[in-house]
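Colleague: Would you mind keeping the following structure in view while I ask a few things?
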Amino acid sequence: KTYLSSLKDSNGEAVYDFLTGNNTQELYDKIQENINKVRNEEGADYVILLTHIGMKVEQYTSDGLLSKIKNVDAVLDGHTHLIYNTTSKDMNNKDIHISQTGTKLQSIGKLIIKNDGTIASEIIQDIPEPSDTTNAIKLTRGNKEVWVNKDMNDFINGIFSIYEDELNELYGSTDYDLIIRPEGTTDSHFIYCRYQECTVGNLLADALKTTGNSDVGFVNGGAIRSSLNKGNLTRSQIMSIAPFLNNLIVKKLPGQCILDALEFGVSKYPAASGGFPQVSGMSYDIDTSLNSTVQTDSQGLYLNITGQRRVTNAKINGEKIDPNKNYSVTMSEYIGNGGDGYTMFAGYEIFQEGLYTDTDSIAYFIKDYLNGTIPAEYKDLQGRINLVNGSTTSSSTEQPRSDNNTDSWRFYQRKKSQGLSTGGIIAIIIPSIVALIAVAVIAMMCSNKNTPTQNISNINSNSHIGLNV
């Protein structure tokens, strides 16, 4: 999701390349080249890929990658915050172990290379009570009690104590919860801000609009990472909402550009998308009876719109958007440079920069503009984004719902029924556009061999720089 053309060296040359040429065969060939090198030239006995792609997404998948290469022993995956432990076929139709351990140490992956050279894999989610509890302590993590190492716990707490005063700085309070996902769900597919209007999205978009003193505040749903719970609002809680510290910019954009951006932003609905637009100073409808006609390139970057538009009744400050009129829009530098596929923004010059980050913007919006108290208007949806069915004669408005009956939830259940469950683990993934592959080929040597020097420079292992993923 990184807009790569913005990452250049001192000579103006692009630093990174996702190697998507020839329908991504360029990437597969480069990975295979490095696999062959560590095996054949450097003497590796086992080759394990560390990937950051996920399974069952729309285009780039770790199992899809595996089907294009050979001579790999296992894949340790990431990106989609899910837990799965399964096998998938390589290009020689060989079953290869592939696993992902969720997020935030939900579980630990265990890869076992047996004496006979075969490989097994486990996902460990429960840590048993140690036989010796001298240096162990039992703590509550979420709704679960866990055993942890006391020395490590003290070490981590020591780090937190350095920043305690800053993290506990008080910016305001709220008398109610602003929730971003259905209760009981953990993965990003269910975050409301990725497929409908959401209360936290309204708050953040308003903060951007106010910071930039602009007509519109525009936020991609993937930038919103946490709910706001009832009670005092500290710096730590605010950072959990917008943790990326994206720099904010203001661009003056013609109405047509904004209309194109909205159409692109909702193109994946009812599936969840990190690019789904949350807005301030603006409202729009999504005609759910129409399929998207947005065209993108192989990396999911916006190209054009070829047919009827799903976005209707788009207004700024209560007035229908004029395609030929310029409007000021505050957004993150990430989106403004074309991140999440918003290439229509990249060609316009920055009108204002040097503003707050999105994190500071919402902090000072709450503290100074709202006088430290989030008003009741943010408790519920405000009709900024409406779902309508244009095929009905009455064109009745269907308000977004935040329950398990949403179209996005049904989309998930449909995907689930199509065989995305392996070994009891549901492997459904939010649609992801580009191959954010931090591929590292690890050469694990037998004890009687020298460890070779890894040479993976051509794979661009640092290429996953994109923020809102």
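Residues are named by chain letter and number: chains run A, B, ... in the order of the structure tokens, numbers start at 1 in each chain, and ligands are numbered from 1 in the order shown.
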Using backbone DSSP assignments, extract all strand (DSSP E) residues from range 248-355 of chain A; output them as an NGL selection string.

Modeller: :A and (248-254 or 277-280 or 282-287 or 294-296 or 302-305 or 311-316 or 319-320 or 326-332 or 350-352)

Colleague: Excluding Gln32 in chain A and any residue of its chain fewer than 3 positions from it, enumerate the residues within 8 Å of it, using only C-alpha atoms, and give them as a tab-separated table (two decimals) with N, CA, C and O atoms, in the first residue's frame.

Modeller:
```tsv
chain	number	residue	atom	x	y	z
A	28	TYR	N	8.14	-13.35	-8.52
A	28	TYR	CA	8.30	-14.79	-8.29
A	28	TYR	C	9.69	-15.25	-8.75
A	28	TYR	O	10.35	-16.05	-8.08
A	29	ASP	N	10.14	-14.74	-9.89
A	29	ASP	CA	11.44	-15.13	-10.41
A	29	ASP	C	12.56	-14.67	-9.48
A	29	ASP	O	13.54	-15.40	-9.27
A	35	ILE	N	16.13	-18.26	-3.56
A	35	ILE	CA	15.99	-19.60	-2.99
A	35	ILE	C	17.06	-20.52	-3.57
A	35	ILE	O	17.76	-21.25	-2.83
A	36	ASN	N	17.22	-20.49	-4.89
A	36	ASN	CA	18.22	-21.34	-5.54
A	36	ASN	C	19.63	-20.99	-5.08
A	36	ASN	O	20.49	-21.88	-4.90
A	69	ILE	N	6.49	-20.98	-6.87
A	69	ILE	CA	7.89	-21.25	-6.56
A	69	ILE	C	8.05	-22.70	-6.10
A	69	ILE	O	7.07	-23.42	-5.90
A	70	LYS	N	9.31	-23.12	-5.91
A	70	LYS	CA	9.59	-24.49	-5.46
A	70	LYS	C	10.82	-24.50	-4.56
A	70	LYS	O	11.52	-23.49	-4.43
```

Colleague: Identify, on the basis of only C-alpha atoms, every residue whose closest approach to range 110-122 of chain A does not exceed 8 Å; exclude the query and any residue fewer than 2 positions from it along the same chain; express the result as number ranges by chain.

Modeller: A: 73, 85, 97, 99, 108, 124

Colleague: Applying 8 Å and only C-alpha atoms, which residues near range 141-148 of chain A remain after dropping the ones on its own chain fewer than 2 positions away? List them as a list in words.

Modeller: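 In the requested form, the answer reads Asp126, Ile127, Pro128, Glu129, Pro130, Ala136, Ile137, Lys138, Leu139, Lys150, Met152 and Asn153 of chain A.
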
Colleague: Just the residues within 6 Å of Ser227 in chain A, please, counting only C-alpha atoms, with nothing from its chain fewer than 5 positions along; format it as a PyMOL selection string.

Modeller: chain A and resi 178-180

Colleague: For Phe264 in chain A, which residue out of A:Val311, A:Met282, A:Leu170, A:Ile350 is the nearest one, using only C-alpha atoms?

Modeller: A:Val311

Colleague: Taking 2 positions as the minimum chain separation for residues in the same chain, which residues sit within 8 Å of range 230-241 of chain A when counting only C-alpha atoms? Answer as a ChimeraX atom specification.

Modeller: /A:166-178,224-228,243,359,362-363

Colleague: Using N, CA and C atoms, can you export the residues from the last selection as a short mmCIF file (atom, residue, chain, number, x, y, z; two decimals), in the first residue's frame?

Modeller:
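Result file selection.cif:
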```
data_model
loop_
_atom_site.label_atom_id
_atom_site.label_comp_id
_atom_site.auth_asym_id
_atom_site.auth_seq_id
_atom_site.Cartn_x
_atom_site.Cartn_y
_atom_site.Cartn_z
N GLU A 166 3.90 11.25 29.94
CA GLU A 166 3.42 11.68 28.62
C GLU A 166 2.21 10.86 28.19
N LEU A 167 2.27 9.55 28.40
CA LEU A 167 1.17 8.69 27.97
C LEU A 167 -0.09 8.91 28.79
N ASN A 168 0.07 9.34 30.02
CA ASN A 168 -1.09 9.57 30.89
C ASN A 168 -1.60 11.00 30.86
N GLU A 169 -1.01 11.84 29.99
CA GLU A 169 -1.48 13.23 29.86
C GLU A 169 -2.96 13.22 29.46
N LEU A 170 -3.75 14.00 30.16
CA LEU A 170 -5.20 13.98 29.98
C LEU A 170 -5.63 15.04 28.96
N TYR A 171 -6.43 14.62 27.99
CA TYR A 171 -6.92 15.53 26.95
C TYR A 171 -8.42 15.74 27.02
N GLY A 172 -9.13 14.90 27.74
CA GLY A 172 -10.57 15.08 27.83
C GLY A 172 -11.23 13.81 28.34
N SER A 173 -12.51 13.71 28.05
CA SER A 173 -13.27 12.55 28.51
C SER A 173 -14.47 12.33 27.60
N THR A 174 -15.04 11.15 27.71
CA THR A 174 -16.26 10.84 26.98
C THR A 174 -17.20 10.07 27.89
N ASP A 175 -18.48 10.36 27.78
CA ASP A 175 -19.49 9.70 28.62
C ASP A 175 -20.00 8.41 28.01
N TYR A 176 -19.48 8.02 26.85
CA TYR A 176 -19.96 6.83 26.17
C TYR A 176 -18.83 6.25 25.32
N ASP A 177 -19.00 5.02 24.91
CA ASP A 177 -18.02 4.34 24.07
C ASP A 177 -18.21 4.70 22.61
N LEU A 178 -17.13 4.89 21.90
CA LEU A 178 -17.13 5.01 20.45
C LEU A 178 -16.48 3.74 19.93
N ILE A 224 -7.67 4.10 11.16
CA ILE A 224 -8.37 4.08 12.45
C ILE A 224 -8.22 2.70 13.06
N ARG A 225 -7.60 2.61 14.22
CA ARG A 225 -7.18 1.32 14.75
C ARG A 225 -7.80 0.92 16.08
N SER A 226 -8.54 1.80 16.71
CA SER A 226 -9.03 1.45 18.05
C SER A 226 -10.30 2.21 18.37
N SER A 227 -11.08 1.65 19.28
CA SER A 227 -12.25 2.33 19.81
C SER A 227 -11.82 3.35 20.86
N LEU A 228 -12.75 4.21 21.24
CA LEU A 228 -12.56 5.11 22.38
C LEU A 228 -13.53 4.67 23.46
N PRO A 243 -2.29 5.53 15.44
CA PRO A 243 -0.94 5.30 15.96
C PRO A 243 0.19 5.60 14.99
N THR A 359 -2.45 12.05 14.73
CA THR A 359 -2.54 11.72 16.15
C THR A 359 -2.69 12.98 16.99
N ILE A 362 -6.20 14.91 16.49
CA ILE A 362 -7.37 14.48 17.25
C ILE A 362 -7.20 14.80 18.73
N ALA A 363 -5.97 14.77 19.23
CA ALA A 363 -5.72 15.09 20.64
C ALA A 363 -6.09 16.55 20.93
#
```

Colleague: When you look at Gly78 in chain A with a cut-off of 10 Å (counting only C-alpha atoms), what residues show up, excluding the ones that are within fewer than 6 positions of it in the same chain? I need them as a PyMOL selection string.

Modeller: chain A and resi 50-55+62+99-103+437-438

Colleague: Would you output that residue set with N, CA, C and O atoms, as a tab-separated table (two decimals), in the first residue's frame?

Modeller:
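Result written to result-v3.tsv:
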```
chain	number	residue	atom	x	y	z
A	50	LEU	N	9.84	-15.88	5.13
A	50	LEU	CA	9.11	-14.99	6.03
A	50	LEU	C	8.35	-14.02	5.15
A	50	LEU	O	8.96	-13.22	4.44
A	51	THR	N	7.04	-14.10	5.14
A	51	THR	CA	6.23	-13.27	4.26
A	51	THR	C	5.30	-12.38	5.06
A	51	THR	O	5.04	-12.63	6.24
A	52	HIS	N	4.81	-11.37	4.41
A	52	HIS	CA	3.88	-10.44	5.05
A	52	HIS	C	2.76	-10.16	4.06
A	52	HIS	O	2.59	-9.05	3.55
A	53	ILE	N	1.97	-11.21	3.76
A	53	ILE	CA	0.97	-11.11	2.70
A	53	ILE	C	-0.41	-11.53	3.18
A	53	ILE	O	-1.39	-10.83	2.96
A	54	GLY	N	-0.52	-12.70	3.82
A	54	GLY	CA	-1.82	-13.22	4.21
A	54	GLY	C	-2.40	-14.13	3.15
A	54	GLY	O	-1.99	-14.12	1.99
A	55	MET	N	-3.38	-14.93	3.55
A	55	MET	CA	-4.04	-15.86	2.63
A	55	MET	C	-5.44	-15.38	2.29
A	55	MET	O	-6.06	-14.65	3.04
A	62	SER	N	-0.10	-15.37	0.18
A	62	SER	CA	1.07	-16.18	0.49
A	62	SER	C	0.97	-17.56	-0.14
A	62	SER	O	1.96	-18.12	-0.62
A	99	SER	N	1.82	-20.87	7.97
A	99	SER	CA	1.14	-20.52	9.22
A	99	SER	C	1.28	-19.04	9.52
A	99	SER	O	2.18	-18.36	9.02
A	100	GLN	N	0.36	-18.55	10.35
A	100	GLN	CA	0.38	-17.16	10.84
A	100	GLN	C	-0.16	-17.19	12.27
A	100	GLN	O	-1.07	-17.96	12.59
A	101	THR	N	0.39	-16.34	13.13
A	101	THR	CA	0.11	-16.46	14.56
A	101	THR	C	-0.78	-15.35	15.12
A	101	THR	O	-0.79	-15.11	16.32
A	102	GLY	N	-1.54	-14.68	14.25
A	102	GLY	CA	-2.44	-13.66	14.77
A	102	GLY	C	-1.74	-12.33	14.96
A	102	GLY	O	-0.93	-11.92	14.15
A	103	THR	N	-2.04	-11.66	16.06
A	103	THR	CA	-1.49	-10.34	16.31
A	103	THR	C	-1.23	-10.15	17.80
A	103	THR	O	-1.87	-10.78	18.64
A	437	ILE	N	5.46	-7.54	0.53
A	437	ILE	CA	6.19	-8.74	0.89
A	437	ILE	C	7.53	-8.36	1.50
A	437	ILE	O	8.38	-7.80	0.85
A	438	ALA	N	7.65	-8.65	2.78
A	438	ALA	CA	8.97	-8.52	3.38
A	438	ALA	C	9.54	-9.93	3.39
A	438	ALA	O	9.43	-10.67	4.35
```

Colleague: Could you check how far CA of Phe218 in chain A sits from CA of Gly201 in chain A, in Å to one decimal?

Modeller: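 Rounded to one decimal, the two atoms are 9.5 Å apart.
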
Colleague: From the options A:Ser283, A:Thr211, A:Thr306, A:Ser328, which residue's atoms come nearest to Asn247 in chain A, counting only C-alpha atoms?

Modeller: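 Once distances to Asn247 in chain A are computed over only C-alpha atoms, the minimum belongs to A:Thr211.
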
Colleague: Let me make sure I understand: among A:Gly372, A:Tyr364, A:Pro323, A:Cys198, which one has the smallest atom-to-atom distance to Asn386 in chain A if we use only C-alpha atoms?

Modeller: A:Cys198

Colleague: Can you tell me how far CA of Leu204 in chain A sits from CA of Ser332 in chain A, in Å to one decimal?

Modeller: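 So the two atoms, CA of Leu204 in chain A and CA of Ser332 in chain A, lie 11.4 Å apart.
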
Colleague: Ranking A:Asp360, A:Asp45, A:Asp260, A:Asp206 by minimum distance to Ile321 in chain A and counting only C-alpha atoms, which one comes first?

Modeller: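 Between A:Asp360, A:Asp45, A:Asp260, A:Asp206, the residue approaching Ile321 in chain A most closely is A:Asp260.
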
Colleague: Nearest to Thr288 in chain A among A:Gly158, A:Gly275, A:Pro270, A:Pro254, with distances taken over only C-alpha atoms: which residue is it?

Modeller: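 With only C-alpha atoms as the atom set, the closest residue is A:Pro270.
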
Colleague: Here is a test: counting only C-alpha atoms, which residue of A:Asp287, A:Glu33, A:Asp215, A:Asp358 is nearest to Leu248 in chain A?

Modeller: A:Asp358

Colleague: Quick check for you: according to DSSP on this backbone, which residues of range 26-112 of chain A are classed as helix (DSSP H, G or I)? Reply as a VMD selection string.

Modeller: chain A and resid 26 to 41 62 to 66
